[in-house]
Amino acid sequence: MQILGDPLYHLRLLGRMGHTVGADLVQAFEAGKIDNETWTQMITNCRGCPYPQKCHAWLDATEQAAAPPSGCCNAETLLQLRDAAKKGPR
C-alpha cells in the first residue's frame with residue numbers, strides 16, 4: 001500500500017504548479033471546468049508522487065514555464081485547463 005503525502009502540502013504544491021504554468025485552478029473550478037472529483041483526483045495524484053521535493057525545488061527556481069517538469073502526474077490536466085482558459089468561455 002502506497003503512503004500518500006500531506007494533503008495540504010500537495011494542495012499548495014498543485015496550486016503553485018498551476019500558477020507557474022498559467023492554469024488558474026480556482027478560476028477553472030468556479031467556471032465549472034473542473035469539479036470536486038477532478039480536483040480531488042489531482043491532489044491525490046500529487047500526493048502519490050514519489051518526487052514532491054523535486055517539484056518543490058523546480059517551483060522555487062521557476063517563475064513561469066510552458067509546462068510542468070517531466071514526470072508531473074497532473075501535467076496533462078494543467079495544460080488542458082491553461083489552454084481552455086486561453087480560448088475563453090464557450
# chains A, B, ... in the order shown; residues from 1 in each chain; ligands from 1
>>> residues_around(residues="A:Leu25", least_positions_apart="5", cutoff="10 Å", atoms="only C-alpha atoms", output="PyMOL selection string")
chain A and resi 14-19+30-31+33-34+39+78+81-82
>>> residues_around(residues="A:Leu13", least_positions_apart="3", cutoff="9 Å", atoms="only C-alpha atoms", output="PyMOL selection string")
chain A and resi 8-10+16-18+46+52+55-56+59
>>> write_last_selection(atoms="all heavy atoms", output="mmCIF file, in the first residue's frame")
data_model
loop_
_atom_site.group_PDB
_atom_site.id
_atom_site.type_symbol
_atom_site.label_atom_id
_atom_site.label_comp_id
_atom_site.auth_asym_id
_atom_site.auth_seq_id
_atom_site.Cartn_x
_atom_site.Cartn_y
_atom_site.Cartn_z
ATOM 1 N N LEU A 8 -2.599 19.029 2.518
ATOM 2 C CA LEU A 8 -2.453 20.479 2.434
ATOM 3 C C LEU A 8 -1.167 20.867 1.694
ATOM 4 O O LEU A 8 -1.169 21.779 0.867
ATOM 5 C CB LEU A 8 -2.484 21.106 3.824
ATOM 6 C CG LEU A 8 -2.478 22.628 3.881
ATOM 7 C CD1 LEU A 8 -3.622 23.224 3.060
ATOM 8 C CD2 LEU A 8 -2.573 23.100 5.329
ATOM 9 N N TYR A 9 -0.076 20.173 1.972
ATOM 10 C CA TYR A 9 1.189 20.434 1.276
ATOM 11 C C TYR A 9 1.004 20.249 -0.229
ATOM 12 O O TYR A 9 1.430 21.080 -1.029
ATOM 13 C CB TYR A 9 2.284 19.498 1.804
ATOM 14 C CG TYR A 9 3.564 19.586 1.016
ATOM 15 C CD1 TYR A 9 4.442 20.646 1.198
ATOM 16 C CD2 TYR A 9 3.885 18.610 0.074
ATOM 17 C CE1 TYR A 9 5.615 20.739 0.469
ATOM 18 C CE2 TYR A 9 5.058 18.694 -0.656
ATOM 19 C CZ TYR A 9 5.919 19.762 -0.456
ATOM 20 O OH TYR A 9 7.081 19.844 -1.186
ATOM 21 N N HIS A 10 0.335 19.180 -0.615
ATOM 22 C CA HIS A 10 0.167 18.885 -2.038
ATOM 23 C C HIS A 10 -0.860 19.798 -2.699
ATOM 24 O O HIS A 10 -0.731 20.120 -3.884
ATOM 25 C CB HIS A 10 -0.138 17.404 -2.250
ATOM 26 C CG HIS A 10 1.074 16.564 -1.995
ATOM 27 N ND1 HIS A 10 2.026 16.334 -2.958
ATOM 28 C CD2 HIS A 10 1.509 15.954 -0.881
ATOM 29 C CE1 HIS A 10 3.005 15.596 -2.454
ATOM 30 N NE2 HIS A 10 2.709 15.362 -1.187
ATOM 31 N N ARG A 16 0.658 26.059 -6.794
ATOM 32 C CA ARG A 16 1.865 26.733 -7.296
ATOM 33 C C ARG A 16 2.192 26.266 -8.710
ATOM 34 O O ARG A 16 2.582 27.073 -9.560
ATOM 35 C CB ARG A 16 3.057 26.457 -6.378
ATOM 36 C CG ARG A 16 3.017 27.186 -5.066
ATOM 37 C CD ARG A 16 4.247 26.903 -4.219
ATOM 38 N NE ARG A 16 5.457 27.411 -4.877
ATOM 39 C CZ ARG A 16 6.680 26.997 -4.582
ATOM 40 N NH1 ARG A 16 6.880 26.070 -3.664
ATOM 41 N NH2 ARG A 16 7.732 27.500 -5.206
ATOM 42 N N MET A 17 2.042 24.965 -8.951
ATOM 43 C CA MET A 17 2.333 24.431 -10.283
ATOM 44 C C MET A 17 1.368 25.030 -11.289
ATOM 45 O O MET A 17 1.761 25.444 -12.388
ATOM 46 C CB MET A 17 2.230 22.901 -10.273
ATOM 47 C CG MET A 17 2.662 22.258 -11.575
ATOM 48 S SD MET A 17 4.407 22.499 -11.966
ATOM 49 C CE MET A 17 5.171 21.421 -10.755
ATOM 50 N N GLY A 18 0.095 25.089 -10.948
ATOM 51 C CA GLY A 18 -0.880 25.693 -11.834
ATOM 52 C C GLY A 18 -0.537 27.129 -12.151
ATOM 53 O O GLY A 18 -0.546 27.553 -13.308
ATOM 54 N N CYS A 46 -0.998 14.063 -6.983
ATOM 55 C CA CYS A 46 0.170 14.772 -6.467
ATOM 56 C C CYS A 46 0.660 14.117 -5.171
ATOM 57 O O CYS A 46 1.858 13.915 -4.986
ATOM 58 C CB CYS A 46 -0.182 16.240 -6.254
ATOM 59 S SG CYS A 46 1.199 17.303 -5.809
ATOM 60 N N PRO A 52 7.996 14.775 -4.660
ATOM 61 C CA PRO A 52 7.496 16.128 -4.392
ATOM 62 C C PRO A 52 8.623 17.131 -4.112
ATOM 63 O O PRO A 52 8.488 18.307 -4.430
ATOM 64 C CB PRO A 52 6.572 15.955 -3.189
ATOM 65 C CG PRO A 52 7.051 14.720 -2.515
ATOM 66 C CD PRO A 52 7.554 13.834 -3.620
ATOM 67 N N CYS A 55 9.691 18.638 -7.377
ATOM 68 C CA CYS A 55 8.727 19.648 -7.820
ATOM 69 C C CYS A 55 8.896 20.929 -7.017
ATOM 70 O O CYS A 55 8.885 22.020 -7.581
ATOM 71 C CB CYS A 55 7.301 19.132 -7.647
ATOM 72 S SG CYS A 55 6.563 18.528 -9.137
ATOM 73 N N HIS A 56 9.018 20.791 -5.714
ATOM 74 C CA HIS A 56 9.170 21.946 -4.847
ATOM 75 C C HIS A 56 10.402 22.757 -5.262
ATOM 76 O O HIS A 56 10.326 23.988 -5.408
ATOM 77 C CB HIS A 56 9.278 21.496 -3.388
ATOM 78 C CG HIS A 56 9.153 22.595 -2.409
ATOM 79 N ND1 HIS A 56 8.047 22.744 -1.621
ATOM 80 C CD2 HIS A 56 9.978 23.615 -2.091
ATOM 81 C CE1 HIS A 56 8.199 23.808 -0.848
ATOM 82 N NE2 HIS A 56 9.365 24.342 -1.120
ATOM 83 N N LEU A 59 9.792 24.488 -8.630
ATOM 84 C CA LEU A 59 8.925 25.653 -8.463
ATOM 85 C C LEU A 59 9.674 26.821 -7.823
ATOM 86 O O LEU A 59 9.466 27.973 -8.199
ATOM 87 C CB LEU A 59 7.691 25.287 -7.638
ATOM 88 C CG LEU A 59 6.664 24.435 -8.368
ATOM 89 C CD1 LEU A 59 5.692 23.806 -7.385
ATOM 90 C CD2 LEU A 59 5.936 25.244 -9.426
#
>>> closest_residue(among="A:Cys49, A:Val21, A:Cys73, A:Ala65", to="A:Gly5", atoms="only C-alpha atoms")
A:Cys49
>>> atom_distance(atom1="atom CA of A:Arg47", atom2="atom CA of A:Leu4")
5.0 Å
>>> residues_around(residues="A:Gln80", least_positions_apart="4", cutoff="12 Å", atoms="only C-alpha atoms", output="tab-separated table (two decimals) with all heavy atoms, in the first residue's frame")
chain	number	residue	atom	x	y	z
A	18	GLY	N	0.10	25.09	-10.95
A	18	GLY	CA	-0.88	25.69	-11.83
A	18	GLY	C	-0.54	27.13	-12.15
A	18	GLY	O	-0.55	27.55	-13.31
A	21	VAL	N	2.49	27.47	-14.57
A	21	VAL	CA	2.25	27.14	-15.98
A	21	VAL	C	1.06	27.89	-16.57
A	21	VAL	O	0.71	27.70	-17.73
A	21	VAL	CB	2.10	25.61	-16.21
A	21	VAL	CG1	3.35	24.88	-15.74
A	21	VAL	CG2	0.86	25.05	-15.56
A	22	GLY	N	0.43	28.75	-15.77
A	22	GLY	CA	-0.66	29.57	-16.28
A	22	GLY	C	-2.03	28.94	-16.23
A	22	GLY	O	-2.93	29.32	-16.97
A	23	ALA	N	-2.21	27.96	-15.35
A	23	ALA	CA	-3.52	27.30	-15.18
A	23	ALA	C	-4.09	27.74	-13.83
A	23	ALA	O	-3.58	27.34	-12.79
A	23	ALA	CB	-3.36	25.79	-15.22
A	24	ASP	N	-5.12	28.55	-13.85
A	24	ASP	CA	-5.75	29.05	-12.63
A	24	ASP	C	-6.79	28.03	-12.18
A	24	ASP	O	-7.90	27.97	-12.71
A	24	ASP	CB	-6.39	30.41	-12.90
A	24	ASP	CG	-6.94	31.06	-11.65
A	24	ASP	OD1	-7.29	30.34	-10.68
A	24	ASP	OD2	-7.03	32.30	-11.65
A	25	LEU	N	-6.42	27.23	-11.20
A	25	LEU	CA	-7.30	26.14	-10.75
A	25	LEU	C	-8.57	26.65	-10.08
A	25	LEU	O	-9.64	26.08	-10.27
A	25	LEU	CB	-6.54	25.21	-9.80
A	25	LEU	CG	-5.37	24.47	-10.45
A	25	LEU	CD1	-4.56	23.74	-9.40
A	25	LEU	CD2	-5.87	23.52	-11.51
A	28	ALA	N	-10.81	27.85	-12.83
A	28	ALA	CA	-11.33	26.69	-13.57
A	28	ALA	C	-12.45	26.01	-12.78
A	28	ALA	O	-13.46	25.60	-13.36
A	28	ALA	CB	-10.20	25.70	-13.85
A	33	LYS	N	-15.03	24.13	-15.10
A	33	LYS	CA	-14.14	23.34	-15.98
A	33	LYS	C	-13.55	22.14	-15.26
A	33	LYS	O	-13.15	21.18	-15.90
A	33	LYS	CB	-13.05	24.23	-16.56
A	33	LYS	CG	-13.65	25.28	-17.46
A	33	LYS	CD	-12.64	26.11	-18.15
A	33	LYS	CE	-13.43	27.15	-18.93
A	33	LYS	NZ	-12.81	27.83	-19.93
A	34	ILE	N	-13.52	22.22	-13.94
A	34	ILE	CA	-13.17	21.05	-13.13
A	34	ILE	C	-14.19	20.98	-11.99
A	34	ILE	O	-14.69	22.00	-11.52
A	34	ILE	CB	-11.73	21.06	-12.57
A	34	ILE	CG1	-11.44	22.32	-11.76
A	34	ILE	CG2	-10.71	20.87	-13.67
A	34	ILE	CD1	-10.08	22.33	-11.09
A	67	ALA	N	5.33	24.43	-19.38
A	67	ALA	CA	4.78	23.14	-18.96
A	67	ALA	C	5.41	22.73	-17.63
A	67	ALA	O	6.49	23.21	-17.29
A	67	ALA	CB	5.09	22.08	-20.02
A	74	ASN	N	0.09	15.50	-13.06
A	74	ASN	CA	-1.04	16.37	-13.41
A	74	ASN	C	-0.76	17.26	-14.61
A	74	ASN	O	-1.55	18.14	-14.92
A	74	ASN	CB	-1.42	17.23	-12.20
A	74	ASN	CG	-2.10	16.43	-11.12
A	74	ASN	OD1	-3.08	15.73	-11.37
A	74	ASN	ND2	-1.58	16.51	-9.91
A	75	ALA	N	0.34	17.03	-15.28
A	75	ALA	CA	0.75	17.89	-16.40
A	75	ALA	C	-0.33	18.01	-17.46
A	75	ALA	O	-0.68	19.12	-17.88
A	75	ALA	CB	2.06	17.39	-17.01
A	76	GLU	N	-0.87	16.91	-17.89
A	76	GLU	CA	-1.87	16.92	-18.96
A	76	GLU	C	-3.09	17.76	-18.57
A	76	GLU	O	-3.55	18.60	-19.34
A	76	GLU	CB	-2.29	15.49	-19.31
A	76	GLU	CG	-3.25	15.44	-20.48
A	76	GLU	CD	-3.62	14.01	-20.85
A	76	GLU	OE1	-2.86	13.06	-20.54
A	76	GLU	OE2	-4.68	13.84	-21.47
A	84	ALA	N	-7.61	25.84	-22.24
A	84	ALA	CA	-9.05	26.15	-22.27
A	84	ALA	C	-9.29	27.59	-21.81
A	84	ALA	O	-10.15	28.29	-22.35
A	84	ALA	CB	-9.82	25.17	-21.39
A	85	ALA	N	-8.54	28.04	-20.82
A	85	ALA	CA	-8.69	29.41	-20.33
A	85	ALA	C	-8.26	30.42	-21.39
A	85	ALA	O	-8.85	31.49	-21.52
A	85	ALA	CB	-7.88	29.61	-19.05
A	86	LYS	N	-7.26	30.07	-22.18
A	86	LYS	CA	-6.78	30.96	-23.25
A	86	LYS	C	-7.84	31.12	-24.34
A	86	LYS	O	-7.96	32.17	-24.94
A	86	LYS	CB	-5.50	30.44	-23.87
A	86	LYS	CG	-4.29	30.62	-22.99
A	86	LYS	CD	-3.06	30.11	-23.68
A	86	LYS	CE	-1.81	30.26	-22.83
A	86	LYS	NZ	-0.62	29.73	-23.50
A	87	LYS	N	-8.62	30.04	-24.57
A	87	LYS	CA	-9.65	30.08	-25.60
A	87	LYS	C	-10.86	30.89	-25.15
A	87	LYS	O	-11.66	31.33	-25.97
A	87	LYS	CB	-10.08	28.66	-25.97
A	87	LYS	CG	-9.02	27.88	-26.69
A	87	LYS	CD	-9.49	26.48	-26.98
A	87	LYS	CE	-8.38	25.68	-27.62
A	87	LYS	NZ	-8.75	24.28	-27.82
>>> atom_distance(atom1="atom CA of A:Arg12", atom2="atom CA of A:Ile43")
9.3 Å
>>> select_by_dssp(residues="chain A", states="alpha helix (DSSP H)", output="mmCIF file with C-alpha atoms, in the first residue's frame")
data_model
loop_
_atom_site.group_PDB
_atom_site.id
_atom_site.type_symbol
_atom_site.label_atom_id
_atom_site.label_comp_id
_atom_site.auth_asym_id
_atom_site.auth_seq_id
_atom_site.Cartn_x
_atom_site.Cartn_y
_atom_site.Cartn_z
ATOM 1 C CA PRO A 7 -2.983 16.798 1.587
ATOM 2 C CA LEU A 8 -2.453 20.479 2.434
ATOM 3 C CA TYR A 9 1.189 20.434 1.276
ATOM 4 C CA HIS A 10 0.167 18.885 -2.038
ATOM 5 C CA LEU A 11 -2.788 21.235 -2.478
ATOM 6 C CA ARG A 12 -0.355 24.136 -2.182
ATOM 7 C CA LEU A 13 2.170 22.452 -4.475
ATOM 8 C CA LEU A 14 -0.537 21.869 -7.081
ATOM 9 C CA GLY A 15 -1.687 25.473 -6.813
ATOM 10 C CA ARG A 16 1.865 26.733 -7.296
ATOM 11 C CA MET A 17 2.333 24.431 -10.283
ATOM 12 C CA GLY A 18 -0.880 25.693 -11.834
ATOM 13 C CA HIS A 19 0.159 29.298 -11.316
ATOM 14 C CA THR A 20 3.622 28.663 -12.775
ATOM 15 C CA VAL A 21 2.250 27.136 -15.985
ATOM 16 C CA LEU A 25 -7.301 26.139 -10.748
ATOM 17 C CA VAL A 26 -9.658 28.276 -8.673
ATOM 18 C CA GLN A 27 -10.981 30.044 -11.777
ATOM 19 C CA ALA A 28 -11.328 26.693 -13.566
ATOM 20 C CA PHE A 29 -13.327 25.328 -10.636
ATOM 21 C CA GLU A 30 -15.548 28.402 -10.420
ATOM 22 C CA ASN A 36 -14.759 18.422 -6.919
ATOM 23 C CA GLU A 37 -13.938 14.924 -8.106
ATOM 24 C CA THR A 38 -11.380 16.128 -10.655
ATOM 25 C CA TRP A 39 -9.745 18.500 -8.177
ATOM 26 C CA THR A 40 -9.619 15.747 -5.546
ATOM 27 C CA GLN A 41 -8.068 13.353 -8.061
ATOM 28 C CA MET A 42 -5.423 15.915 -8.997
ATOM 29 C CA ILE A 43 -4.475 16.360 -5.332
ATOM 30 C CA THR A 44 -4.420 12.585 -4.813
ATOM 31 C CA ASN A 45 -2.208 12.190 -7.899
ATOM 32 C CA CYS A 46 0.170 14.772 -6.467
ATOM 33 C CA ARG A 47 0.106 13.124 -3.041
ATOM 34 C CA PRO A 52 7.496 16.128 -4.392
ATOM 35 C CA GLN A 53 10.844 17.594 -3.290
ATOM 36 C CA LYS A 54 11.909 17.725 -6.959
ATOM 37 C CA CYS A 55 8.727 19.648 -7.820
ATOM 38 C CA HIS A 56 9.170 21.946 -4.847
ATOM 39 C CA ALA A 57 12.751 22.766 -5.895
ATOM 40 C CA TRP A 58 11.686 23.268 -9.526
ATOM 41 C CA LEU A 59 8.925 25.653 -8.463
ATOM 42 C CA ASP A 60 11.330 27.598 -6.236
ATOM 43 C CA ALA A 61 13.636 28.070 -9.241
ATOM 44 C CA ALA A 75 0.752 17.895 -16.396
ATOM 45 C CA GLU A 76 -1.866 16.923 -18.958
ATOM 46 C CA THR A 77 -4.776 18.294 -16.922
ATOM 47 C CA LEU A 78 -2.943 21.502 -16.044
ATOM 48 C CA LEU A 79 -2.079 22.167 -19.680
ATOM 49 C CA GLN A 80 -5.644 21.431 -20.797
ATOM 50 C CA LEU A 81 -7.002 23.891 -18.223
ATOM 51 C CA ARG A 82 -4.481 26.536 -19.236
ATOM 52 C CA ASP A 83 -5.297 26.102 -22.928
ATOM 53 C CA ALA A 84 -9.047 26.150 -22.272
ATOM 54 C CA ALA A 85 -8.693 29.407 -20.334
ATOM 55 C CA LYS A 86 -6.782 30.961 -23.250
ATOM 56 C CA LYS A 87 -9.654 30.079 -25.600
#
